[in-house]
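A.B. asks: Quick one, coords.pdb (PDB, C-alpha atoms, pLDDT in the B column):
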ATOM      1  CA  MET Q   1      -5.327   3.181 -36.720  1.00 40.00           C
ATOM      2  CA  TRP Q   2      -8.117   5.620 -37.582  1.00 41.00           C
ATOM      3  CA  ARG Q   3     -11.633   4.247 -37.900  1.00 43.00           C
ATOM      4  CA  ALA Q   4     -14.652   5.903 -39.401  1.00 47.00           C
ATOM      5  CA  GLU Q   5     -17.271   7.208 -36.972  1.00 48.00           C
ATOM      6  CA  GLY Q   6     -19.680   4.519 -35.830  1.00 48.00           C
ATOM      7  CA  SER Q   7     -17.260   1.611 -36.091  1.00 45.00           C
ATOM      8  CA  VAL Q   8     -15.888   0.002 -32.951  1.00 46.00           C
ATOM      9  CA  ASN Q   9     -12.524  -1.657 -32.504  1.00 46.00           C
ATOM     10  CA  LEU Q  10     -12.157  -3.513 -29.202  1.00 48.00           C
ATOM     11  CA  VAL Q  11      -8.790  -4.914 -28.246  1.00 51.00           C
ATOM     12  CA  SER Q  12      -8.262  -7.239 -25.301  1.00 52.00           C
ATOM     13  CA  MET Q  13      -5.235  -6.386 -23.190  1.00 50.00           C
ATOM     14  CA  ASP Q  14      -3.341  -8.989 -21.209  1.00 54.00           C
ATOM     15  CA  LEU Q  15      -1.803  -7.145 -18.221  1.00 50.00           C
ATOM     16  CA  SER Q  16      -0.386 -10.205 -16.495  1.00 54.00           C
ATOM     17  CA  GLY Q  17       3.143  -9.565 -17.695  1.00 54.00           C
ATOM     18  CA  VAL Q  18       3.132  -5.780 -17.528  1.00 51.00           C
ATOM     19  CA  SER Q  19       5.891  -4.411 -15.353  1.00 56.00           C
ATOM     20  CA  GLY Q  20       4.950  -1.496 -13.159  1.00 56.00           C
ATOM     21  CA  PHE Q  21       1.563  -2.984 -12.285  1.00 61.00           C
ATOM     22  CA  HIS Q  22       1.334  -3.042  -8.524  1.00 72.00           C
ATOM     23  CA  GLU Q  23      -1.531  -3.621  -6.142  1.00 84.00           C
ATOM     24  CA  ILE Q  24      -2.145  -1.713  -2.933  1.00 92.00           C
ATOM     25  CA  LEU Q  25      -3.399  -3.589   0.094  1.00 95.00           C
ATOM     26  CA  VAL Q  26      -5.642  -1.526   2.402  1.00 96.00           C
ATOM     27  CA  LEU Q  27      -5.574  -2.683   6.021  1.00 95.00           C
ATOM     28  CA  THR Q  28      -7.689  -1.328   8.880  1.00 96.00           C
ATOM     29  CA  PRO Q  29      -6.508  -3.276  11.916  1.00 95.00           C
ATOM     30  CA  ARG Q  30      -8.488  -3.378  15.128  1.00 94.00           C
ATOM     31  CA  GLY Q  31      -5.743  -5.064  17.156  1.00 94.00           C
ATOM     32  CA  PHE Q  32      -1.965  -4.774  17.479  1.00 95.00           C
ATOM     33  CA  GLU Q  33      -1.417  -8.306  16.166  1.00 94.00           C
ATOM     34  CA  GLU Q  34      -2.852  -7.326  12.788  1.00 94.00           C
ATOM     35  CA  GLY Q  35       0.104  -4.985  12.265  1.00 95.00           C
ATOM     36  CA  LEU Q  36       2.147  -8.069  11.408  1.00 96.00           C
ATOM     37  CA  ASP Q  37      -0.039  -8.504   8.296  1.00 96.00           C
ATOM     38  CA  ALA Q  38       1.260  -5.164   7.005  1.00 96.00           C
ATOM     39  CA  VAL Q  39       4.900  -6.127   7.554  1.00 97.00           C
ATOM     40  CA  MET Q  40       4.409  -9.501   5.885  1.00 96.00           C
ATOM     41  CA  ALA Q  41       2.697  -7.872   2.901  1.00 96.00           C
ATOM     42  CA  VAL Q  42       5.647  -5.501   2.377  1.00 96.00           C
ATOM     43  CA  ARG Q  43       7.954  -8.499   2.705  1.00 96.00           C
ATOM     44  CA  GLU Q  44       5.976 -10.029  -0.188  1.00 95.00           C
ATOM     45  CA  GLN Q  45       6.649  -6.876  -2.261  1.00 94.00           C
ATOM     46  CA  ARG Q  46       3.162  -5.400  -1.773  1.00 95.00           C
ATOM     47  CA  THR Q  47       2.334  -1.797  -0.938  1.00 96.00           C
ATOM     48  CA  VAL Q  48       0.167  -1.295   2.146  1.00 97.00           C
ATOM     49  CA  LEU Q  49      -2.141   1.566   3.068  1.00 96.00           C
ATOM     50  CA  LEU Q  50      -2.526   1.205   6.832  1.00 97.00           C
ATOM     51  CA  ASN Q  51      -5.583   2.936   8.305  1.00 97.00           C
ATOM     52  CA  LEU Q  52      -5.269   3.079  12.091  1.00 97.00           C
ATOM     53  CA  SER Q  53      -8.392   5.180  12.673  1.00 96.00           C
ATOM     54  CA  GLU Q  54     -10.313   2.273  14.242  1.00 95.00           C
ATOM     55  CA  MET Q  55      -7.771   1.905  17.062  1.00 96.00           C
ATOM     56  CA  GLU Q  56      -7.366   3.785  20.339  1.00 96.00           C
ATOM     57  CA  ALA Q  57      -4.601   6.421  20.017  1.00 96.00           C
ATOM     58  CA  LYS Q  58      -1.931   4.676  22.136  1.00 96.00           C
ATOM     59  CA  LEU Q  59      -2.505   1.314  20.468  1.00 97.00           C
ATOM     60  CA  ALA Q  60      -2.455   2.963  17.040  1.00 97.00           C
ATOM     61  CA  GLN Q  61       0.905   4.570  17.856  1.00 97.00           C
ATOM     62  CA  ARG Q  62       2.315   1.265  19.106  1.00 97.00           C
ATOM     63  CA  THR Q  63       1.110  -0.517  15.953  1.00 97.00           C
ATOM     64  CA  ALA Q  64       2.524   2.215  13.702  1.00 97.00           C
ATOM     65  CA  ASP Q  65       5.892   1.966  15.471  1.00 97.00           C
ATOM     66  CA  PHE Q  66       5.934  -1.822  15.103  1.00 97.00           C
ATOM     67  CA  VAL Q  67       5.063  -1.743  11.400  1.00 98.00           C
ATOM     68  CA  SER Q  68       7.533   1.091  10.758  1.00 97.00           C
ATOM     69  CA  GLY Q  69      10.325  -0.897  12.391  1.00 97.00           C
ATOM     70  CA  GLY Q  70       9.480  -4.046  10.468  1.00 97.00           C
ATOM     71  CA  VAL Q  71       9.315  -2.240   7.138  1.00 97.00           C
ATOM     72  CA  TYR Q  72      12.559  -0.388   7.926  1.00 97.00           C
ATOM     73  CA  ALA Q  73      14.249  -3.746   8.600  1.00 97.00           C
ATOM     74  CA  LEU Q  74      13.077  -4.857   5.138  1.00 97.00           C
ATOM     75  CA  GLN Q  75      14.602  -1.684   3.653  1.00 96.00           C
ATOM     76  CA  GLY Q  76      11.113  -0.490   2.741  1.00 96.00           C
ATOM     77  CA  GLN Q  77       9.745   3.001   2.953  1.00 95.00           C
ATOM     78  CA  GLU Q  78       6.980   4.861   4.746  1.00 96.00           C
ATOM     79  CA  ARG Q  79       4.889   7.976   4.109  1.00 95.00           C
ATOM     80  CA  ARG Q  80       2.248   9.563   6.297  1.00 95.00           C
ATOM     81  CA  VAL Q  81      -0.905  10.079   4.237  1.00 93.00           C
ATOM     82  CA  GLY Q  82      -3.283  11.346   6.905  1.00 93.00           C
ATOM     83  CA  GLU Q  83      -3.877  11.727  10.647  1.00 93.00           C
ATOM     84  CA  ARG Q  84      -3.820   7.954  11.242  1.00 95.00           C
ATOM     85  CA  VAL Q  85      -3.126   6.678   7.743  1.00 97.00           C
ATOM     86  CA  LEU Q  86       0.307   5.472   6.639  1.00 97.00           C
ATOM     87  CA  LEU Q  87       1.637   4.132   3.349  1.00 96.00           C
ATOM     88  CA  PHE Q  88       4.277   1.395   3.492  1.00 97.00           C
ATOM     89  CA  ALA Q  89       6.053   0.143   0.381  1.00 96.00           C
ATOM     90  CA  PRO Q  90       8.910  -2.192  -0.497  1.00 95.00           C
ATOM     91  CA  ALA Q  91      12.171  -0.689  -1.731  1.00 93.00           C
ATOM     92  CA  SER Q  92      11.235  -1.576  -5.318  1.00 91.00           C
ATOM     93  CA  VAL Q  93       8.348   0.941  -5.342  1.00 91.00           C
ATOM     94  CA  ASP Q  94       8.891   4.643  -5.995  1.00 87.00           C
ATOM     95  CA  ILE Q  95       6.677   6.931  -3.918  1.00 85.00           C
ATOM     96  CA  ASP Q  96       6.275  10.386  -5.444  1.00 83.00           C
ATOM     97  CA  GLN Q  97       4.564  13.165  -3.536  1.00 76.00           C
ATOM     98  CA  LEU Q  98       3.293  16.353  -5.104  1.00 76.00           C
ATOM     99  CA  SER Q  99       3.394  19.434  -2.901  1.00 65.00           C
TER     100      SER Q  99
END
Can I see the file as structure tokens?
C.D. replies:
Amino acid sequence: MWRAEGSVNLVSMDLSGVSGFHEILVLTPRGFEEGLDAVMAVREQRTVLLNLSEMEAKLAQRTADFVSGGVYALQGQERRVGERVLLFAPASVDIDQLS
């Protein structure tokens, strides 16, 4: 609806039932054991941005392999976002990448 200049029309939006709304959990683990948090989050249908930059290279690789295997077992998906940053998502989430 068109309103004359100077008038304000505020509408409250309830997003609780909106499909397509999805949160992203950002994890920056410092130990291998914290990789399990990423797998469990994907199991709970959450998308995880895993930042491994705080870990030593070999431990980061081991953690990435563990999380990748766990997410694969859940039929989830994985995308590399940066040098030591990975995106993990459940099968119900579409990941689009622009070239």
A.B. asks: Run through the PyMOL selection byres ((chain Q and resi 82) around 12) on the given coordinates and return the selected residues as JSON, numbers by chain.
C.D. replies: {"Q": [49, 50, 51, 52, 53, 79, 80, 81, 83, 84, 85, 86, 87]}
A.B. asks: Nearest residue to Gly76 in chain Q out of Q:Asp94, Q:Glu34, Q:Glu54, Q:Glu23, using all atoms listed in the file?
C.D. replies: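 Among the listed residues, the smallest separation from Gly76 in chain Q belongs to Q:Asp94.
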A.B. asks: Contacts of Glu78 in chain Q at 12 Å or less, counting only C-alpha atoms, minus same-chain residues fewer than 6 places along, as a list in words?
C.D. replies: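 The contact residues come out as Ala38, Val39, Val42, Thr47, Val48, Leu49, Leu50, Ala64, Asp65, Val67, Ser68, Gly69, Gly70, Val71, Tyr72, Val85, Leu86, Leu87, Phe88, Ala89, Pro90, Ala91, Val93, Asp94, Ile95, Asp96 and Gln97 of chain Q.
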A.B. asks: How would the residues just chosen look if you wrote them out with C-alpha atoms as a short mmCIF file (atom, residue, chain, number, x, y, z; two decimals), keeping the file's coordinate frame?
C.D. replies:
data_model
loop_
_atom_site.label_atom_id
_atom_site.label_comp_id
_atom_site.auth_asym_id
_atom_site.auth_seq_id
_atom_site.Cartn_x
_atom_site.Cartn_y
_atom_site.Cartn_z
CA ALA Q 38 1.26 -5.16 7.00
CA VAL Q 39 4.90 -6.13 7.55
CA VAL Q 42 5.65 -5.50 2.38
CA THR Q 47 2.33 -1.80 -0.94
CA VAL Q 48 0.17 -1.30 2.15
CA LEU Q 49 -2.14 1.57 3.07
CA LEU Q 50 -2.53 1.20 6.83
CA ALA Q 64 2.52 2.22 13.70
CA ASP Q 65 5.89 1.97 15.47
CA VAL Q 67 5.06 -1.74 11.40
CA SER Q 68 7.53 1.09 10.76
CA GLY Q 69 10.32 -0.90 12.39
CA GLY Q 70 9.48 -4.05 10.47
CA VAL Q 71 9.32 -2.24 7.14
CA TYR Q 72 12.56 -0.39 7.93
CA VAL Q 85 -3.13 6.68 7.74
CA LEU Q 86 0.31 5.47 6.64
CA LEU Q 87 1.64 4.13 3.35
CA PHE Q 88 4.28 1.40 3.49
CA ALA Q 89 6.05 0.14 0.38
CA PRO Q 90 8.91 -2.19 -0.50
CA ALA Q 91 12.17 -0.69 -1.73
CA VAL Q 93 8.35 0.94 -5.34
CA ASP Q 94 8.89 4.64 -6.00
CA ILE Q 95 6.68 6.93 -3.92
CA ASP Q 96 6.28 10.39 -5.44
CA GLN Q 97 4.56 13.16 -3.54
#
A.B. asks: One decimal, Å: what's the distance from CA of Leu74 in chain Q over to CA of Leu36 in chain Q, could you say?
C.D. replies: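 Interatomic distance here is 13.0 Å.
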A.B. asks: To one decimal place in Å, what is the distance between CA of Pro29 in chain Q and CA of Arg43 in chain Q?
C.D. replies: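 Between CA of Pro29 in chain Q and CA of Arg43 in chain Q the gap is 17.9 Å.
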A.B. asks: Kindly give the distance, in Å, that separates CA of Arg62 in chain Q and CA of Asp37 in chain Q, rounded to a single decimal.
C.D. replies: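 Between these atoms lies a distance of 14.8 Å.
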A.B. asks: So, with all atoms listed in the file as the atoms that count, which of Q:Ala41, Q:Ala73, Q:Leu98, Q:Ala60 lies closest to Ile24 in chain Q?
C.D. replies: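 Among Q:Ala41, Q:Ala73, Q:Leu98, Q:Ala60, it is Q:Ala41 that comes nearest to Ile24 in chain Q.
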A.B. asks: Since the input lacks some atoms of range 71-82 of chain Q, please model all heavy atoms and print them as a tab-separated table (two decimals), in the coordinates of the input.
C.D. replies:
chain	number	residue	atom	x	y	z
Q	71	VAL	N	9.11	-2.66	8.53
Q	71	VAL	CA	9.32	-2.24	7.14
Q	71	VAL	C	10.73	-1.65	6.97
Q	71	VAL	O	11.39	-1.89	5.96
Q	71	VAL	CB	8.21	-1.24	6.71
Q	71	VAL	CG1	8.53	-0.61	5.36
Q	71	VAL	CG2	6.86	-1.96	6.65
Q	72	TYR	N	11.19	-0.91	7.97
Q	72	TYR	CA	12.56	-0.39	7.93
Q	72	TYR	C	13.57	-1.53	7.84
Q	72	TYR	O	14.53	-1.47	7.07
Q	72	TYR	CB	12.83	0.47	9.16
Q	72	TYR	CG	14.23	1.02	9.22
Q	72	TYR	CD1	14.59	2.15	8.50
Q	72	TYR	CD2	15.20	0.39	10.01
Q	72	TYR	CE1	15.88	2.65	8.56
Q	72	TYR	CE2	16.49	0.88	10.07
Q	72	TYR	CZ	16.83	2.01	9.33
Q	72	TYR	OH	18.12	2.50	9.38
Q	73	ALA	N	13.35	-2.59	8.62
Q	73	ALA	CA	14.25	-3.75	8.60
Q	73	ALA	C	14.27	-4.42	7.23
Q	73	ALA	O	15.27	-5.03	6.84
Q	73	ALA	CB	13.84	-4.75	9.67
Q	74	LEU	N	13.16	-4.30	6.49
Q	74	LEU	CA	13.08	-4.86	5.14
Q	74	LEU	C	13.57	-3.88	4.08
Q	74	LEU	O	13.43	-4.12	2.89
Q	74	LEU	CB	11.63	-5.25	4.84
Q	74	LEU	CG	11.04	-6.36	5.71
Q	74	LEU	CD1	9.53	-6.46	5.49
Q	74	LEU	CD2	11.72	-7.68	5.39
Q	75	GLN	N	14.12	-2.76	4.53
Q	75	GLN	CA	14.60	-1.68	3.65
Q	75	GLN	C	13.47	-1.06	2.84
Q	75	GLN	O	13.68	-0.55	1.74
Q	75	GLN	CB	15.74	-2.17	2.76
Q	75	GLN	CG	16.93	-2.64	3.56
Q	75	GLN	CD	18.06	-3.17	2.70
Q	75	GLN	OE1	17.87	-3.54	1.54
Q	75	GLN	NE2	19.24	-3.23	3.27
Q	76	GLY	N	12.26	-1.11	3.39
Q	76	GLY	CA	11.11	-0.49	2.74
Q	76	GLY	C	11.03	0.98	3.09
Q	76	GLY	O	11.94	1.55	3.68
Q	77	GLN	N	9.92	1.57	2.72
Q	77	GLN	CA	9.74	3.00	2.95
Q	77	GLN	C	8.35	3.29	3.50
Q	77	GLN	O	7.45	2.48	3.37
Q	77	GLN	CB	10.00	3.77	1.67
Q	77	GLN	CG	9.27	3.23	0.47
Q	77	GLN	CD	9.80	3.82	-0.81
Q	77	GLN	OE1	10.16	4.99	-0.84
Q	77	GLN	NE2	9.85	3.05	-1.86
Q	78	GLU	N	8.22	4.48	4.07
Q	78	GLU	CA	6.98	4.86	4.75
Q	78	GLU	C	6.65	6.32	4.43
Q	78	GLU	O	7.55	7.15	4.34
Q	78	GLU	CB	7.18	4.69	6.25
Q	78	GLU	CG	6.14	5.30	7.11
Q	78	GLU	CD	6.49	5.25	8.58
Q	78	GLU	OE1	7.49	4.61	8.96
Q	78	GLU	OE2	5.76	5.86	9.36
Q	79	ARG	N	5.37	6.60	4.27
Q	79	ARG	CA	4.89	7.98	4.11
Q	79	ARG	C	3.61	8.13	4.91
Q	79	ARG	O	2.75	7.26	4.88
Q	79	ARG	CB	4.57	8.32	2.65
Q	79	ARG	CG	5.73	8.34	1.71
Q	79	ARG	CD	6.62	9.57	1.95
Q	79	ARG	NE	7.65	9.68	0.95
Q	79	ARG	CZ	8.78	9.00	0.91
Q	79	ARG	NH1	9.04	8.11	1.83
Q	79	ARG	NH2	9.66	9.18	-0.03
Q	80	ARG	N	3.50	9.25	5.60
Q	80	ARG	CA	2.25	9.56	6.30
Q	80	ARG	C	1.30	10.16	5.27
Q	80	ARG	O	1.65	11.09	4.55
Q	80	ARG	CB	2.50	10.55	7.43
Q	80	ARG	CG	1.22	10.92	8.18
Q	80	ARG	CD	1.52	11.74	9.42
Q	80	ARG	NE	2.25	11.00	10.43
Q	80	ARG	CZ	1.69	10.14	11.29
Q	80	ARG	NH1	0.40	9.92	11.23
Q	80	ARG	NH2	2.41	9.52	12.18
Q	81	VAL	N	0.08	9.63	5.20
Q	81	VAL	CA	-0.90	10.08	4.24
Q	81	VAL	C	-1.97	10.94	4.92
Q	81	VAL	O	-2.49	11.88	4.33
Q	81	VAL	CB	-1.57	8.87	3.54
Q	81	VAL	CG1	-2.65	9.32	2.59
Q	81	VAL	CG2	-0.53	8.04	2.81
Q	82	GLY	N	-2.27	10.61	6.16
Q	82	GLY	CA	-3.28	11.35	6.90
Q	82	GLY	C	-3.03	11.25	8.39
Q	82	GLY	O	-1.99	10.75	8.83
